[in-house]
Each structure stands twice: as C-alpha cells, then as structure tokens.
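A.B. asks: Before I ask anything, here is the structure I am working with.
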Amino acid sequence: MENNIKKILVTEDQIKSRCIELAQEITNDYKNSTVTPLFVGLLKGSVPFMAELIKHIKLNVKYDFMCVSSYGNSTESLNDVKIIMDLNASIKNVPIILVEDIVDTGNTVKAVKELLYNKGASDVKVVSLLDKPSRRKVNVKADYVGFEVPNEFVVGFGLDFAEEYRQLPFVGVLKEECYEVKE
Ligand code: IMP
C-alpha cells in the first residue's frame, strides 16, 4: 500500500505536534464558554484527526459524528452534499467545533455549517487537518488549520481513495496510476 504513495507531505510526528498546538489554541479560545462545546466529526475522514486532537483538549467537551456524502470512487468533488447520518442530540445553543479532514472546494463545510446553524447551534467553528485553498469554489475557511497542502490528491490519516489508505499514519500524495485504473 505504501508503494502507491508518490511522496509524503506530512509525517506522523508533524501531525502529532500540530494537533497539540491546535488543541492548545482551541482550549484557550473556549476556556470561558459557559456551555460545554461539542466537537462534530465528519465521517469517515475525520476519525484519526478527531482522536489525536481531542485527547489534548484541556476542557470539558463532548463529541459526536455526522456522515455526509463524499467522493465515492472519484477524485473530483461533488457539488451537492447529502446527509447520510445526522446527529442524535439537540445542539440548540451549543457551540460547535466542526472537525474535517480536508477543506477542498469548501462545499461540504459550507453546507454542514449552515445545517448546524439551522439546528440552533450558537456558534460553529471549523478545525481541519488539511486545507487545499487553491481548489476553493465557495467562500469558506477553516478557523483552525493543521497544514496547507498543494493541489494534489492526498491520502492517509483518515483521507481515502475508494475507501482505501485511510489507516496510513501520514498524509501523502497518491501516485496518479493508482487512481487512474479505478476511475
Ligand atoms: P469539499 O466539499 O470539496 O471541500 O470536500 C470535502 C471532502 O472531500 C473531504 O472531507 C474529503 O473527504 C474529500 N477530499 C477532498 N480532497 C481530497 C483529497 O485530496 N484526498 C481525499 N479526499 C479528499
């Protein structure tokens, strides 16, 4: 599997260190919150990032997950975002920290933010492991970003191609021939 990686963009150690920094920043920003903040992870890509980040948050927080449509077997982003699995509990007046693996076109984050506000969230901030600003199609940005990546298809640390490569402990660029054969 690792033979299919052209180059590593972010190492496991870099991810771990950056998660500690992001968690410190978030802890500081929410330390005076009177309502317990809720981290909402977008399945499935946010799982390793959520796990690494949350353990360094020095506050009383909760977490939950939602599932929205993603790429399927293609490397092109979808315009429409479909909710596949919603949150269970009410988020009325709850401050939300939306946890994403990558902000690419921005469609997903924009749509999910709107949805969370419609459900009554008092505030929605976004923390994303990766940001690919060169691909942005809508005006949205993450409040906390782990790493900016170039316009290349990346996998690992939760990011997949056709559901594979999510378990890699680093973020790398997939060799073109690996996704050309599956499309
Ligand atoms: P957006 O709606 O275009 O911002 O895309 C968000 C989702 O697309 C992310 O949560 C990922 O699941 C997926 N995605 C975007 N870029 C990549 C990539 O380079 N590799 C793997 N998945 C990606």
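By order in the structure tokens, chains are A, B, ...; within a chain, residues start at 1; ligands start at 1, following the order shown.
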Near region 92-101 of chain A, within 6 Å and counting only C-alpha atoms, which residues show up once chain neighbours fewer than 4 positions away are dropped, as a list of chain:residue names?
C.D. replies: A:Pro37, A:Leu38, A:Phe39, A:Val40, A:Gly41, A:Leu42, A:Gly45, A:Ser46, A:Gly120, A:Ala121, A:Ser122, A:Asp123, A:Val124, A:Lys125, A:Val126, A:Val127, A:Ser128, A:Leu129
A.B. asks: Using DSSP on the backbone coordinates, identify the residues of region 8-102 of chain A assigned to alpha helix (DSSP H); present them as a list in words.
C.D. replies: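 Alpha helix (DSSP H) assignments inside region 8-102 of chain A correspond to Glu12, Asp13, Gln14, Ile15, Lys16, Ser17, Arg18, Cys19, Ile20, Glu21, Leu22, Ala23, Gln24, Glu25, Ile26, Thr27, Asn28, Asp29, Tyr30, Val47, Pro48, Phe49, Met50, Ala51, Glu52, Leu53 and Ile54 of chain A.
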A.B. asks: For Cys67 (chain A), please output as a list in words all residues within 10 Å (counting only C-alpha atoms; exclusion window: fewer than 5 positions along the same chain).
C.D. replies: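 In the requested form, the answer reads Gly41, Leu42, Leu43, Lys44, Gly45, Lys82, Ile83, Ile84, Met85, Asp86 and Leu87 of chain A.
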A.B. asks: Keeping only all heavy atoms, write the selected residues as an mmCIF file, in the first residue's frame.
C.D. replies:
```cif
data_model
loop_
_atom_site.group_PDB
_atom_site.id
_atom_site.type_symbol
_atom_site.label_atom_id
_atom_site.label_comp_id
_atom_site.auth_asym_id
_atom_site.auth_seq_id
_atom_site.Cartn_x
_atom_site.Cartn_y
_atom_site.Cartn_z
ATOM 1 N N GLY A 41 -17.442 15.510 14.351
ATOM 2 C CA GLY A 41 -16.549 14.964 13.326
ATOM 3 C C GLY A 41 -17.337 14.513 12.116
ATOM 4 O O GLY A 41 -18.409 13.922 12.249
ATOM 5 N N LEU A 42 -16.816 14.823 10.933
ATOM 6 C CA LEU A 42 -17.456 14.349 9.705
ATOM 7 C C LEU A 42 -16.848 12.996 9.337
ATOM 8 O O LEU A 42 -15.637 12.888 9.093
ATOM 9 C CB LEU A 42 -17.262 15.357 8.574
ATOM 10 C CG LEU A 42 -18.044 16.666 8.724
ATOM 11 C CD1 LEU A 42 -17.872 17.530 7.482
ATOM 12 C CD2 LEU A 42 -19.524 16.411 8.979
ATOM 13 N N LEU A 43 -17.704 11.986 9.338
ATOM 14 C CA LEU A 43 -17.260 10.630 8.996
ATOM 15 C C LEU A 43 -16.983 10.537 7.503
ATOM 16 O O LEU A 43 -17.656 11.184 6.722
ATOM 17 C CB LEU A 43 -18.334 9.617 9.377
ATOM 18 C CG LEU A 43 -18.589 9.471 10.879
ATOM 19 C CD1 LEU A 43 -19.785 8.556 11.122
ATOM 20 C CD2 LEU A 43 -17.363 8.940 11.602
ATOM 21 N N LYS A 44 -16.021 9.716 7.081
ATOM 22 C CA LYS A 44 -15.213 8.925 7.983
ATOM 23 C C LYS A 44 -13.825 9.554 8.175
ATOM 24 O O LYS A 44 -13.068 9.173 9.039
ATOM 25 C CB LYS A 44 -15.027 7.512 7.402
ATOM 26 C CG LYS A 44 -16.333 6.800 7.087
ATOM 27 C CD LYS A 44 -16.058 5.537 6.261
ATOM 28 C CE LYS A 44 -17.354 5.025 5.684
ATOM 29 N NZ LYS A 44 -17.093 3.988 4.651
ATOM 30 N N GLY A 45 -13.543 10.521 7.319
ATOM 31 C CA GLY A 45 -12.175 11.048 7.233
ATOM 32 C C GLY A 45 -11.644 11.705 8.488
ATOM 33 O O GLY A 45 -10.434 11.746 8.710
ATOM 34 N N LYS A 82 -25.005 15.484 0.735
ATOM 35 C CA LYS A 82 -26.167 14.747 1.227
ATOM 36 C C LYS A 82 -25.883 14.256 2.646
ATOM 37 O O LYS A 82 -24.806 13.716 2.908
ATOM 38 C CB LYS A 82 -26.380 13.544 0.303
ATOM 39 C CG LYS A 82 -27.768 12.981 0.356
ATOM 40 C CD LYS A 82 -27.966 11.972 -0.765
ATOM 41 C CE LYS A 82 -27.939 10.579 -0.201
ATOM 42 N NZ LYS A 82 -27.707 9.527 -1.140
ATOM 43 N N ILE A 83 -26.850 14.456 3.554
ATOM 44 C CA ILE A 83 -26.663 13.973 4.929
ATOM 45 C C ILE A 83 -27.027 12.491 4.977
ATOM 46 O O ILE A 83 -28.148 12.105 4.689
ATOM 47 C CB ILE A 83 -27.549 14.755 5.933
ATOM 48 C CG1 ILE A 83 -27.320 16.267 5.815
ATOM 49 C CG2 ILE A 83 -27.316 14.260 7.358
ATOM 50 C CD1 ILE A 83 -25.942 16.746 6.154
ATOM 51 N N ILE A 84 -26.060 11.673 5.346
ATOM 52 C CA ILE A 84 -26.282 10.225 5.420
ATOM 53 C C ILE A 84 -26.561 9.806 6.863
ATOM 54 O O ILE A 84 -27.375 8.944 7.128
ATOM 55 C CB ILE A 84 -25.050 9.480 4.867
ATOM 56 C CG1 ILE A 84 -24.896 9.797 3.375
ATOM 57 C CG2 ILE A 84 -25.174 7.969 5.065
ATOM 58 C CD1 ILE A 84 -23.541 9.479 2.824
ATOM 59 N N MET A 85 -25.867 10.423 7.798
ATOM 60 C CA MET A 85 -26.113 10.141 9.221
ATOM 61 C C MET A 85 -26.068 11.458 9.988
ATOM 62 O O MET A 85 -25.083 12.177 9.928
ATOM 63 C CB MET A 85 -25.041 9.190 9.757
ATOM 64 C CG MET A 85 -25.340 8.652 11.140
ATOM 65 S SD MET A 85 -23.874 7.899 11.863
ATOM 66 C CE MET A 85 -23.199 9.271 12.781
ATOM 67 N N ASP A 86 -27.141 11.732 10.689
ATOM 68 C CA ASP A 86 -27.261 13.018 11.372
ATOM 69 C C ASP A 86 -26.890 12.877 12.854
ATOM 70 O O ASP A 86 -26.743 11.766 13.359
ATOM 71 C CB ASP A 86 -28.711 13.523 11.222
ATOM 72 C CG ASP A 86 -28.775 15.042 11.182
ATOM 73 O OD1 ASP A 86 -27.823 15.681 11.652
ATOM 74 O OD2 ASP A 86 -29.788 15.563 10.691
ATOM 75 N N LEU A 87 -26.800 14.016 13.529
ATOM 76 C CA LEU A 87 -26.544 13.995 14.977
ATOM 77 C C LEU A 87 -27.793 13.510 15.700
ATOM 78 O O LEU A 87 -28.910 13.729 15.237
ATOM 79 C CB LEU A 87 -26.213 15.416 15.460
ATOM 80 C CG LEU A 87 -24.993 16.072 14.829
ATOM 81 C CD1 LEU A 87 -24.943 17.534 15.204
ATOM 82 C CD2 LEU A 87 -23.726 15.355 15.270
#
```
A.B. asks: Between A:Lys119, A:Lys16, A:His56, A:Arg136, which is the closest to ligand 1 once you count only C-alpha atoms and all ligand atoms?
C.D. replies: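 Smallest distance to ligand 1 is found for A:Arg136.
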A.B. asks: Residues at most 9 Å from Lys141 (chain A), counting only C-alpha atoms, excluding those fewer than 6 positions away in the same chain, as a ChimeraX atom specification?
C.D. replies: /A:103,106,109-110,126,131,133
A.B. asks: Export all heavy atoms of the chosen residues as a compact mmCIF listing (two decimals), in the first residue's frame?
C.D. replies:
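Final output, saved to out20.txt:
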```txt
# COMPACT_ATOMS: atom_id res chain seq x y z
N VAL A 103 -10.41 20.70 3.80
CA VAL A 103 -11.33 21.62 3.12
C VAL A 103 -10.78 21.81 1.71
O VAL A 103 -9.67 22.31 1.53
CB VAL A 103 -11.46 22.99 3.84
CG1 VAL A 103 -12.50 23.85 3.14
CG2 VAL A 103 -11.83 22.80 5.31
N GLY A 106 -14.71 23.42 -0.46
CA GLY A 106 -15.40 24.15 0.61
C GLY A 106 -16.90 23.86 0.67
O GLY A 106 -17.58 24.28 1.61
N VAL A 109 -18.08 21.90 4.02
CA VAL A 109 -18.04 22.71 5.24
C VAL A 109 -19.12 23.79 5.21
O VAL A 109 -19.82 24.02 6.20
CB VAL A 109 -16.63 23.32 5.43
CG1 VAL A 109 -16.65 24.49 6.39
CG2 VAL A 109 -15.69 22.25 5.96
N LYS A 110 -19.29 24.41 4.05
CA LYS A 110 -20.30 25.46 3.95
C LYS A 110 -21.69 24.88 4.23
O LYS A 110 -22.45 25.43 5.04
CB LYS A 110 -20.26 26.10 2.56
CG LYS A 110 -21.17 27.29 2.41
CD LYS A 110 -20.88 28.01 1.10
CE LYS A 110 -21.66 29.31 0.99
NZ LYS A 110 -23.05 29.10 0.62
N VAL A 126 -14.63 25.80 12.58
CA VAL A 126 -14.16 24.63 11.82
C VAL A 126 -12.69 24.38 12.11
O VAL A 126 -11.88 25.31 12.05
CB VAL A 126 -14.35 24.86 10.30
CG1 VAL A 126 -13.83 23.68 9.49
CG2 VAL A 126 -15.81 25.12 9.98
N ASP A 131 -5.88 21.86 4.47
CA ASP A 131 -6.57 22.89 3.70
C ASP A 131 -5.93 22.93 2.31
O ASP A 131 -4.70 22.95 2.18
CB ASP A 131 -6.39 24.25 4.41
CG ASP A 131 -7.24 25.34 3.78
OD1 ASP A 131 -8.16 25.02 3.00
OD2 ASP A 131 -6.98 26.52 4.08
N PRO A 133 -6.44 25.41 -0.35
CA PRO A 133 -7.11 26.66 -0.74
C PRO A 133 -7.16 26.90 -2.25
O PRO A 133 -8.06 27.58 -2.73
CB PRO A 133 -6.28 27.75 -0.04
CG PRO A 133 -5.02 27.11 0.37
CD PRO A 133 -5.24 25.64 0.45
```
A.B. asks: In chain A, what's strand (DSSP E or B) per DSSP? Answer as a compact mmCIF listing (two decimals) with N, CA, C and O atoms, in the first residue's frame?
C.D. replies:
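Written out: result_13.txt:
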```txt
# COMPACT_ATOMS: atom_id res chain seq x y z
N ILE A 5 2.32 5.40 -2.74
CA ILE A 5 2.47 6.80 -2.33
C ILE A 5 3.65 7.41 -3.07
O ILE A 5 4.77 6.91 -3.00
N LYS A 6 3.38 8.52 -3.77
CA LYS A 6 4.43 9.20 -4.53
C LYS A 6 5.37 9.96 -3.60
O LYS A 6 6.58 9.91 -3.73
N LYS A 7 4.78 10.70 -2.65
CA LYS A 7 5.60 11.40 -1.66
C LYS A 7 4.79 11.66 -0.40
O LYS A 7 3.56 11.76 -0.45
N ILE A 8 5.51 11.75 0.71
CA ILE A 8 4.86 12.07 1.99
C ILE A 8 4.86 13.59 2.15
O ILE A 8 5.90 14.23 2.03
N LEU A 9 3.68 14.15 2.42
CA LEU A 9 3.57 15.61 2.61
C LEU A 9 3.66 15.99 4.07
O LEU A 9 4.24 17.02 4.42
N VAL A 10 3.02 15.19 4.93
CA VAL A 10 3.02 15.49 6.36
C VAL A 10 3.29 14.20 7.12
O VAL A 10 2.57 13.20 6.94
N LEU A 38 -19.28 21.16 21.71
CA LEU A 38 -19.44 19.84 21.08
C LEU A 38 -18.57 19.77 19.82
O LEU A 38 -18.73 20.59 18.90
N PHE A 39 -17.64 18.82 19.80
CA PHE A 39 -16.88 18.56 18.59
C PHE A 39 -17.72 17.65 17.69
O PHE A 39 -18.19 16.60 18.15
N VAL A 40 -17.92 18.06 16.44
CA VAL A 40 -18.69 17.24 15.49
C VAL A 40 -17.74 16.79 14.37
O VAL A 40 -17.29 17.61 13.57
N GLY A 41 -17.44 15.51 14.35
CA GLY A 41 -16.55 14.96 13.33
C GLY A 41 -17.34 14.51 12.12
O GLY A 41 -18.41 13.92 12.25
N LEU A 42 -16.82 14.82 10.93
CA LEU A 42 -17.46 14.35 9.70
C LEU A 42 -16.85 13.00 9.34
O LEU A 42 -15.64 12.89 9.09
N LEU A 43 -17.70 11.99 9.34
CA LEU A 43 -17.26 10.63 9.00
C LEU A 43 -16.98 10.54 7.50
O LEU A 43 -17.66 11.18 6.72
N LYS A 62 -17.69 17.54 24.59
CA LYS A 62 -18.37 16.33 24.12
C LYS A 62 -17.99 16.15 22.65
O LYS A 62 -17.54 17.10 22.01
N TYR A 63 -18.18 14.94 22.14
CA TYR A 63 -18.03 14.80 20.69
C TYR A 63 -19.08 13.86 20.10
O TYR A 63 -19.63 13.01 20.78
N ASP A 64 -19.36 14.11 18.83
CA ASP A 64 -20.35 13.33 18.10
C ASP A 64 -19.90 13.30 16.63
O ASP A 64 -18.94 13.99 16.26
N PHE A 65 -20.60 12.51 15.83
CA PHE A 65 -20.21 12.38 14.41
C PHE A 65 -21.42 12.53 13.50
O PHE A 65 -22.55 12.21 13.87
N MET A 66 -21.14 13.02 12.30
CA MET A 66 -22.15 13.09 11.23
C MET A 66 -21.51 12.47 10.00
O MET A 66 -20.29 12.50 9.86
N CYS A 67 -22.35 11.98 9.11
CA CYS A 67 -21.81 11.47 7.84
C CYS A 67 -22.49 12.19 6.70
O CYS A 67 -23.73 12.22 6.62
N VAL A 68 -21.71 12.79 5.83
CA VAL A 68 -22.25 13.44 4.64
C VAL A 68 -21.58 12.82 3.41
O VAL A 68 -20.56 12.16 3.53
N ILE A 83 -26.85 14.46 3.55
CA ILE A 83 -26.66 13.97 4.93
C ILE A 83 -27.03 12.49 4.98
O ILE A 83 -28.15 12.10 4.69
N ILE A 84 -26.06 11.67 5.35
CA ILE A 84 -26.28 10.23 5.42
C ILE A 84 -26.56 9.81 6.86
O ILE A 84 -27.38 8.94 7.13
N MET A 85 -25.87 10.42 7.80
CA MET A 85 -26.11 10.14 9.22
C MET A 85 -26.07 11.46 9.99
O MET A 85 -25.08 12.18 9.93
N PRO A 95 -22.17 25.57 21.35
CA PRO A 95 -21.08 25.95 20.45
C PRO A 95 -20.44 24.70 19.84
O PRO A 95 -20.09 23.76 20.55
N ILE A 96 -20.33 24.71 18.51
CA ILE A 96 -19.85 23.52 17.79
C ILE A 96 -18.46 23.78 17.20
O ILE A 96 -18.19 24.86 16.67
N ILE A 97 -17.65 22.76 17.29
CA ILE A 97 -16.37 22.77 16.58
C ILE A 97 -16.44 21.62 15.57
O ILE A 97 -16.41 20.45 15.94
N LEU A 98 -16.58 22.00 14.31
CA LEU A 98 -16.73 21.01 13.24
C LEU A 98 -15.33 20.50 12.85
O LEU A 98 -14.44 21.30 12.55
N VAL A 99 -15.17 19.18 12.87
CA VAL A 99 -13.85 18.59 12.62
C VAL A 99 -13.84 17.93 11.24
O VAL A 99 -14.61 17.01 10.97
N GLU A 100 -12.96 18.42 10.37
CA GLU A 100 -12.88 17.93 8.99
C GLU A 100 -11.48 17.39 8.71
O GLU A 100 -10.50 17.81 9.34
N ASP A 101 -11.39 16.49 7.74
CA ASP A 101 -10.07 16.02 7.32
C ASP A 101 -9.40 17.02 6.38
O ASP A 101 -8.22 17.32 6.49
N ILE A 102 -10.21 17.55 5.44
CA ILE A 102 -9.64 18.50 4.47
C ILE A 102 -10.75 19.44 3.98
O ILE A 102 -11.89 19.01 3.81
N VAL A 103 -10.41 20.70 3.80
CA VAL A 103 -11.33 21.62 3.12
C VAL A 103 -10.78 21.81 1.71
O VAL A 103 -9.67 22.31 1.53
N ASP A 123 -22.84 28.75 17.75
CA ASP A 123 -21.64 29.16 17.03
C ASP A 123 -21.05 27.92 16.37
O ASP A 123 -21.13 26.83 16.93
N VAL A 124 -20.50 28.07 15.17
CA VAL A 124 -19.85 26.93 14.52
C VAL A 124 -18.46 27.35 14.03
O VAL A 124 -18.34 28.24 13.19
N LYS A 125 -17.45 26.74 14.61
CA LYS A 125 -16.08 26.95 14.13
C LYS A 125 -15.62 25.66 13.45
O LYS A 125 -16.16 24.59 13.72
N VAL A 126 -14.63 25.80 12.58
CA VAL A 126 -14.16 24.63 11.82
C VAL A 126 -12.69 24.38 12.11
O VAL A 126 -11.88 25.31 12.05
N VAL A 127 -12.37 23.14 12.43
CA VAL A 127 -10.96 22.75 12.53
C VAL A 127 -10.72 21.67 11.49
O VAL A 127 -11.44 20.67 11.44
N SER A 128 -9.74 21.90 10.63
CA SER A 128 -9.47 20.94 9.56
C SER A 128 -7.99 20.55 9.59
O SER A 128 -7.11 21.41 9.72
N LEU A 129 -7.75 19.25 9.46
CA LEU A 129 -6.36 18.79 9.43
C LEU A 129 -5.63 19.42 8.26
O LEU A 129 -4.51 19.89 8.38
N LEU A 130 -6.31 19.43 7.09
CA LEU A 130 -5.67 19.93 5.87
C LEU A 130 -6.53 21.00 5.21
O LEU A 130 -7.76 21.01 5.35
N ASP A 131 -5.88 21.86 4.47
CA ASP A 131 -6.57 22.89 3.70
C ASP A 131 -5.93 22.93 2.31
O ASP A 131 -4.70 22.95 2.18
N TYR A 144 -9.31 26.85 12.24
CA TYR A 144 -8.06 26.23 12.69
C TYR A 144 -7.63 25.24 11.62
O TYR A 144 -8.41 24.37 11.23
N VAL A 145 -6.41 25.40 11.13
CA VAL A 145 -5.91 24.52 10.06
C VAL A 145 -4.62 23.85 10.50
O VAL A 145 -3.72 24.51 11.03
N GLY A 146 -4.55 22.54 10.25
CA GLY A 146 -3.32 21.83 10.56
C GLY A 146 -2.22 22.17 9.56
O GLY A 146 -1.20 22.75 9.91
N PHE A 147 -2.48 21.86 8.31
CA PHE A 147 -1.48 22.06 7.26
C PHE A 147 -2.14 22.45 5.94
O PHE A 147 -3.20 21.92 5.60
N GLU A 148 -1.50 23.36 5.24
CA GLU A 148 -1.96 23.69 3.88
C GLU A 148 -1.28 22.72 2.92
O GLU A 148 -0.09 22.44 3.05
N VAL A 154 -4.52 13.75 -2.03
CA VAL A 154 -3.78 13.22 -0.88
C VAL A 154 -4.58 12.13 -0.18
O VAL A 154 -5.80 12.13 -0.19
N VAL A 155 -3.86 11.22 0.44
CA VAL A 155 -4.49 10.14 1.21
C VAL A 155 -3.73 9.96 2.53
O VAL A 155 -2.62 10.44 2.70
N GLY A 156 -4.37 9.23 3.44
CA GLY A 156 -3.73 8.91 4.72
C GLY A 156 -4.30 9.72 5.86
O GLY A 156 -4.95 10.73 5.65
N LEU A 159 -7.87 10.21 5.26
CA LEU A 159 -8.25 10.52 3.88
C LEU A 159 -8.10 9.28 3.00
O LEU A 159 -7.09 8.58 3.07
N PHE A 161 -8.79 7.02 -0.81
CA PHE A 161 -9.20 6.93 -2.20
C PHE A 161 -9.97 5.62 -2.31
O PHE A 161 -9.40 4.55 -2.00
N GLU A 164 -9.82 3.25 0.59
CA GLU A 164 -8.53 2.69 0.99
C GLU A 164 -7.57 3.80 1.43
O GLU A 164 -7.83 4.97 1.18
N VAL A 171 0.22 11.77 5.85
CA VAL A 171 -0.53 12.24 4.68
C VAL A 171 0.42 12.25 3.49
O VAL A 171 1.51 12.82 3.56
N GLY A 172 0.01 11.58 2.41
CA GLY A 172 0.88 11.52 1.24
C GLY A 172 0.10 11.70 -0.04
O GLY A 172 -1.14 11.68 -0.06
N VAL A 173 0.86 11.87 -1.12
CA VAL A 173 0.25 12.02 -2.44
C VAL A 173 0.22 10.66 -3.11
O VAL A 173 1.24 9.96 -3.17
N LEU A 174 -0.96 10.31 -3.59
CA LEU A 174 -1.14 9.02 -4.27
C LEU A 174 -0.56 9.11 -5.69
O LEU A 174 -0.72 10.12 -6.37
```
A.B. asks: Using only C-alpha atoms and all ligand atoms, pick whichever of A:Leu53, A:Ala162, A:Ile26, A:Leu116 has the shortest atom-to-atom distance to ligand 1.
C.D. replies: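 Ranking A:Leu53, A:Ala162, A:Ile26, A:Leu116 by distance to ligand 1, first place goes to A:Ala162.
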A.B. asks: Quick one: everything within 10 Å of region 28-31 of chain A, counting only C-alpha atoms, minus sequence neighbours fewer than 6 positions away in the same chain. Send it as a compact mmCIF listing (two decimals) with N, CA and C atoms, in the first residue's frame.
C.D. replies:
```txt
# COMPACT_ATOMS: atom_id res chain seq x y z
N LEU A 22 -2.91 22.88 17.98
CA LEU A 22 -4.31 23.23 17.69
C LEU A 22 -5.17 23.06 18.94
N PRO A 37 -18.71 22.79 24.88
CA PRO A 37 -18.61 22.72 23.42
C PRO A 37 -18.73 21.27 22.91
N ILE A 57 -7.23 18.32 24.38
CA ILE A 57 -8.11 19.42 24.77
C ILE A 57 -8.28 19.39 26.29
N LYS A 58 -7.93 20.48 26.93
CA LYS A 58 -7.93 20.50 28.41
C LYS A 58 -9.20 21.16 28.93
N LEU A 59 -10.32 20.78 28.38
CA LEU A 59 -11.61 21.33 28.79
C LEU A 59 -12.63 20.20 28.82
N ASN A 60 -13.75 20.47 29.47
CA ASN A 60 -14.85 19.53 29.42
C ASN A 60 -15.54 19.71 28.06
N VAL A 61 -15.44 18.71 27.21
CA VAL A 61 -16.09 18.80 25.90
C VAL A 61 -16.84 17.50 25.61
N PRO A 95 -22.17 25.57 21.35
CA PRO A 95 -21.08 25.95 20.45
C PRO A 95 -20.44 24.70 19.84
```
A.B. asks: Can you tell me how far CA of Phe157 (chain A) sits from CA of Pro169 (chain A), in Å to one decimal?
C.D. replies: 5.2 Å
A.B. asks: To one decimal place, how far is CA of Glu12 (chain A) from CA of Asp104 (chain A) in Å?
C.D. replies: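 According to the coordinates, CA of Glu12 (chain A) and CA of Asp104 (chain A) are separated by 21.3 Å.
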A.B. asks: Please report the interatomic distance between atom 7 (C, counted along the ligand's line) of ligand 1 and CA of Phe153 (chain A) in Å with one decimal.
C.D. replies: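 About the pair atom 7 (C, counted along the ligand's line) of ligand 1 and CA of Phe153 (chain A): they are 11.2 Å apart.
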A.B. asks: Given only C-alpha atoms as the basis, pick out the residue of A:Leu168, A:Ile54, A:Ala111, A:Cys178 nearest to Thr27 (chain A).
C.D. replies: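 When distances to Thr27 (chain A) are compared using only C-alpha atoms, the smallest one comes from A:Ile54.
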A.B. asks: Excluding Val81 (chain A) and any residue of its chain fewer than 4 positions from it, enumerate the residues within 9 Å of it, using only C-alpha atoms, and give them as number ranges by chain.
C.D. replies: A: 68-70, 107-108, 111-112
